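Participant: Here it is: the structure, laid out below.
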Amino acid sequence: MKILVATQKPFAAVAVEGIRKTVEEAGFTLGLLEKYTEKSQLLEAVADASALIVRSDIVDAEVFDAAPELKVVVRAGAGYDNIDLAAATAHGVCAENTPGQNSNAVAELVFGMAVMAVRNMYAGTSGSELKGKKLGLQAFGQVGRNVARIAAGFGMDVMAFDPYCPEEVMVQAGVTPVHSVADLYRDCDLVSIHIPSTPETRGSIGADLIRLMPKGGVLVNTARKEVIDEAGLKEVLTARPDLKYVADVKPDCAAELEAEFPGRVFFTPKKMGAQTAEANINAGIAAACQCVAFLRDGDDRFRLNKA
Ligand code: 3PG
């Protein structure tokens, strides 16, 4: 049986070696489709795959239609907005993610970008420090918790808004729970976004929220570009020359923002929050183990969709 790794943005070679070892030692065959540019290449490669490991690659009904043998698809990572869960269920495929495996990498990048923003994009002008600043976490999942852990080392005062997370969990982590997302934006010098992209969250961060940020505020987005209402963001960046926006998920209007707000916006050329050898190894090998466990024992403890 073939376990296919299909990644437009490939894992580090060392992670692929680990995946291969996991797959072959369990008696399965590894298929590898890296850096593909056409969907047709994916459709061809999945034809005889029993399991599929992807990153942000789109897995929709067309992919499931092309994969008659497919039993399990694992998103090596956290966000699974790239997988059509209803189509997976309709095709009898178990869809899983690997929660937590790449979250430290994303959390470290939050600080890479936050320091860059408060030091005026390293332009050489006098900036400010993170120590003593208020950091607001919009969601307190695995990434948010790692950001809070690192923020303590910077001497930041951390707050979080997450209606799905018990307050005790935040308090135990030394984080102050806030009771509305508006309070988070109003109270915090830096806000770091960690919500998933869902029908409810798409376009949910717009002018009404961003304009609440205090003077000199920095908005950091390592989550998904879709959660931002780009017209609202642009409106506030125009009205408030003191605010900055840094993102690992390039907005559709990136070129326009870069031209209009030089020194106040920064976007990575390609989503790179989880692009470390460690995160690739953790998420890639976890995905391989989950494929093996599902194919061999029917273990579906990471299932995301209805059976
Ligand atoms: C995730 O949801 O796990 C991160 O956004 C990482 O995505 P990537 O695997 O495409 O880098």
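By convention here, the chains of the structure tokens are called A, B, ... in the order presented, each chain's residues are numbered starting at 1, and ligands are numbered starting at 1 in the order presented.
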Pick out the residues sitting within 9 Å of region 87-100 of chain A, and hand them over as number ranges by chain; count only C-alpha atoms, and ignore anything fewer than 2 positions along from it in its own chain.
Facilitator: A: 59-61, 64-65, 68, 70-80, 83-85, 102-104, 141-143, 282-284, 286-287, 290, 294, 300-307
Participant: Name the residues in contact with Lys225 (chain A) at a cut-off of 7 Å, using only C-alpha atoms, excluding same-chain residues fewer than 5 positions from it; report them as a list in words.
Facilitator: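 Listed by chain and then number, they are Val249, Lys250 and Pro251 of chain A.
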Participant: For the residues in that selection, give me N, CA, C and O atoms as a PDB file, in the first residue's frame.
Facilitator:
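Heads up, here's the output in again-v2.pdb:
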ATOM      1  N   VAL A 249       1.345  35.644   6.214  1.00  0.00           N
ATOM      2  CA  VAL A 249       0.346  35.194   5.252  1.00  0.00           C
ATOM      3  C   VAL A 249      -0.017  36.422   4.432  1.00  0.00           C
ATOM      4  O   VAL A 249      -0.820  37.244   4.818  1.00  0.00           O
ATOM      5  N   LYS A 250       0.667  36.555   3.320  1.00  0.00           N
ATOM      6  CA  LYS A 250       0.589  37.738   2.474  1.00  0.00           C
ATOM      7  C   LYS A 250      -0.850  38.064   2.082  1.00  0.00           C
ATOM      8  O   LYS A 250      -1.545  37.202   1.532  1.00  0.00           O
ATOM      9  N   PRO A 251      -1.276  39.314   2.324  1.00  0.00           N
ATOM     10  CA  PRO A 251      -2.633  39.643   1.876  1.00  0.00           C
ATOM     11  C   PRO A 251      -2.710  39.718   0.354  1.00  0.00           C
ATOM     12  O   PRO A 251      -1.684  39.882  -0.309  1.00  0.00           O
TER      13      PRO A 251
END
Participant: Under the rule that only C-alpha atoms are counted, which of A:Ala66, A:Ala207, A:Ala114, A:Met121 is the nearest residue to Ala239 (chain A)?
Facilitator: A:Ala207
Participant: Could you pull the residues within 12 Å of Gln8 (chain A), counting only C-alpha atoms, minus those fewer than 4 positions along the same chain, as a list in words?
Facilitator: Leu32, Leu33, Glu34, Lys35, Tyr36, Thr37, Glu38, Lys39, Gln41, Leu42, Ile53, Val54, Arg55, Ser56, Asp57, Ile58, Lys270 and Lys271 of chain A
Participant: Could those residues be written to a file, using N, CA and C atoms, as a PDB file, in the first residue's frame?
Facilitator:
ATOM      1  N   LEU A  32       6.391  10.100  -3.397  1.00  0.00           N
ATOM      2  CA  LEU A  32       6.813  11.476  -3.101  1.00  0.00           C
ATOM      3  C   LEU A  32       6.526  12.378  -4.292  1.00  0.00           C
ATOM      4  N   LEU A  33       5.683  13.367  -4.076  1.00  0.00           N
ATOM      5  CA  LEU A  33       5.407  14.360  -5.127  1.00  0.00           C
ATOM      6  C   LEU A  33       5.676  15.724  -4.503  1.00  0.00           C
ATOM      7  N   GLU A  34       6.843  16.277  -4.829  1.00  0.00           N
ATOM      8  CA  GLU A  34       7.230  17.558  -4.230  1.00  0.00           C
ATOM      9  C   GLU A  34       7.245  18.655  -5.280  1.00  0.00           C
ATOM     10  N   LYS A  35       6.979  19.885  -4.810  1.00  0.00           N
ATOM     11  CA  LYS A  35       7.058  21.080  -5.674  1.00  0.00           C
ATOM     12  C   LYS A  35       6.224  20.947  -6.934  1.00  0.00           C
ATOM     13  N   TYR A  36       5.094  20.237  -6.868  1.00  0.00           N
ATOM     14  CA  TYR A  36       4.285  20.123  -8.091  1.00  0.00           C
ATOM     15  C   TYR A  36       3.647  21.480  -8.384  1.00  0.00           C
ATOM     16  N   THR A  37       3.416  21.702  -9.648  1.00  0.00           N
ATOM     17  CA  THR A  37       2.911  23.016 -10.056  1.00  0.00           C
ATOM     18  C   THR A  37       1.492  22.926 -10.615  1.00  0.00           C
ATOM     19  N   GLU A  38       1.104  21.725 -11.047  1.00  0.00           N
ATOM     20  CA  GLU A  38      -0.223  21.549 -11.650  1.00  0.00           C
ATOM     21  C   GLU A  38      -1.034  20.583 -10.808  1.00  0.00           C
ATOM     22  N   LYS A  39      -2.321  20.861 -10.683  1.00  0.00           N
ATOM     23  CA  LYS A  39      -3.184  19.951  -9.924  1.00  0.00           C
ATOM     24  C   LYS A  39      -3.211  18.565 -10.576  1.00  0.00           C
ATOM     25  N   GLN A  41      -0.897  16.858 -11.681  1.00  0.00           N
ATOM     26  CA  GLN A  41       0.183  16.000 -11.158  1.00  0.00           C
ATOM     27  C   GLN A  41      -0.272  15.319  -9.862  1.00  0.00           C
ATOM     28  N   LEU A  42      -0.996  16.068  -9.037  1.00  0.00           N
ATOM     29  CA  LEU A  42      -1.509  15.492  -7.782  1.00  0.00           C
ATOM     30  C   LEU A  42      -2.567  14.432  -8.109  1.00  0.00           C
ATOM     31  N   ILE A  53      -0.376  12.451   2.624  1.00  0.00           N
ATOM     32  CA  ILE A  53       0.123  13.460   3.573  1.00  0.00           C
ATOM     33  C   ILE A  53       0.319  14.752   2.791  1.00  0.00           C
ATOM     34  N   VAL A  54      -0.279  15.836   3.285  1.00  0.00           N
ATOM     35  CA  VAL A  54      -0.149  17.141   2.614  1.00  0.00           C
ATOM     36  C   VAL A  54       0.209  18.206   3.634  1.00  0.00           C
ATOM     37  N   ARG A  55       0.523  19.410   3.108  1.00  0.00           N
ATOM     38  CA  ARG A  55       0.698  20.589   3.971  1.00  0.00           C
ATOM     39  C   ARG A  55      -0.497  21.505   3.675  1.00  0.00           C
ATOM     40  N   SER A  56      -0.234  22.662   3.034  1.00  0.00           N
ATOM     41  CA  SER A  56      -1.370  23.540   2.717  1.00  0.00           C
ATOM     42  C   SER A  56      -1.996  23.198   1.362  1.00  0.00           C
ATOM     43  N   ASP A  57      -1.611  22.061   0.813  1.00  0.00           N
ATOM     44  CA  ASP A  57      -2.098  21.650  -0.507  1.00  0.00           C
ATOM     45  C   ASP A  57      -3.617  21.442  -0.478  1.00  0.00           C
ATOM     46  N   ILE A  58      -4.280  21.886  -1.530  1.00  0.00           N
ATOM     47  CA  ILE A  58      -5.736  21.771  -1.585  1.00  0.00           C
ATOM     48  C   ILE A  58      -6.154  20.325  -1.867  1.00  0.00           C
ATOM     49  N   LYS A 270       6.740  33.894   1.299  1.00  0.00           N
ATOM     50  CA  LYS A 270       6.001  32.637   1.224  1.00  0.00           C
ATOM     51  C   LYS A 270       5.683  32.267   2.662  1.00  0.00           C
ATOM     52  N   LYS A 271       4.525  31.654   2.940  1.00  0.00           N
ATOM     53  CA  LYS A 271       4.199  31.307   4.332  1.00  0.00           C
ATOM     54  C   LYS A 271       5.316  30.422   4.906  1.00  0.00           C
TER      55      LYS A 271
END
Participant: What does the distance between CA of Gly112 (chain A) and CA of Leu130 (chain A) come to in Å, to one decimal place?
Facilitator: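 Spanning CA of Gly112 (chain A) to CA of Leu130 (chain A) is a straight-line distance of 11.6 Å.
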Participant: Using only C-alpha atoms and all ligand atoms, find the one residue out of A:Gly232, A:Pro196, A:Gly144, A:Gly18 that sits nearest to ligand 1.
Facilitator: A:Pro196
Participant: Fewer than 5 positions away in the same chain doesn't count, so skip those; otherwise give me all residues within 10 Å of Ile3 (chain A), counting only C-alpha atoms, as a PyMOL selection string.
Facilitator: chain A and resi 19-20+23-24+28-32+46+48-53+70+72-73+288+291-292+295
Participant: Just checking: using only C-alpha atoms and all ligand atoms, which residue out of A:Val63, A:Leu43, A:Leu109, A:Val178 ends up closest to ligand 1?
Facilitator: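 Counting only C-alpha atoms and all ligand atoms, the residue closest to ligand 1 is A:Leu109.
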Participant: Just the strand (DSSP E) stuff from region 10-175 of chain A, please, per backbone DSSP, written as a VMD selection string.
Facilitator: chain A and resid 29 to 34 49 to 54 72 to 75 94 to 97 134 to 138 157 to 161
Participant: Record the distance separating CA of Ala139 (chain A) and CA of Ala107 (chain A), expressed in Å with one decimal.
Facilitator: 12.8 Å
Participant: Just give me the gap between CA of Gln172 (chain A) and CA of Gly132 (chain A) in Å, one decimal is fine.
Facilitator: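 CA of Gly132 (chain A) lies at a distance of 20.0 Å from CA of Gln172 (chain A).
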Participant: Determine which residues of region 125-297 of chain A DSSP labels as helix (DSSP H, G or I) from the backbone of this structure, then write them out as a count of residues only.
Facilitator: 71
Participant: Using only C-alpha atoms and all ligand atoms, which of the listed residues (A:Ala6, A:Val246, A:Cys165, A:Met213) sits closest to ligand 1?
Facilitator: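 Selected residue with least distance to ligand 1: A:Ala6.
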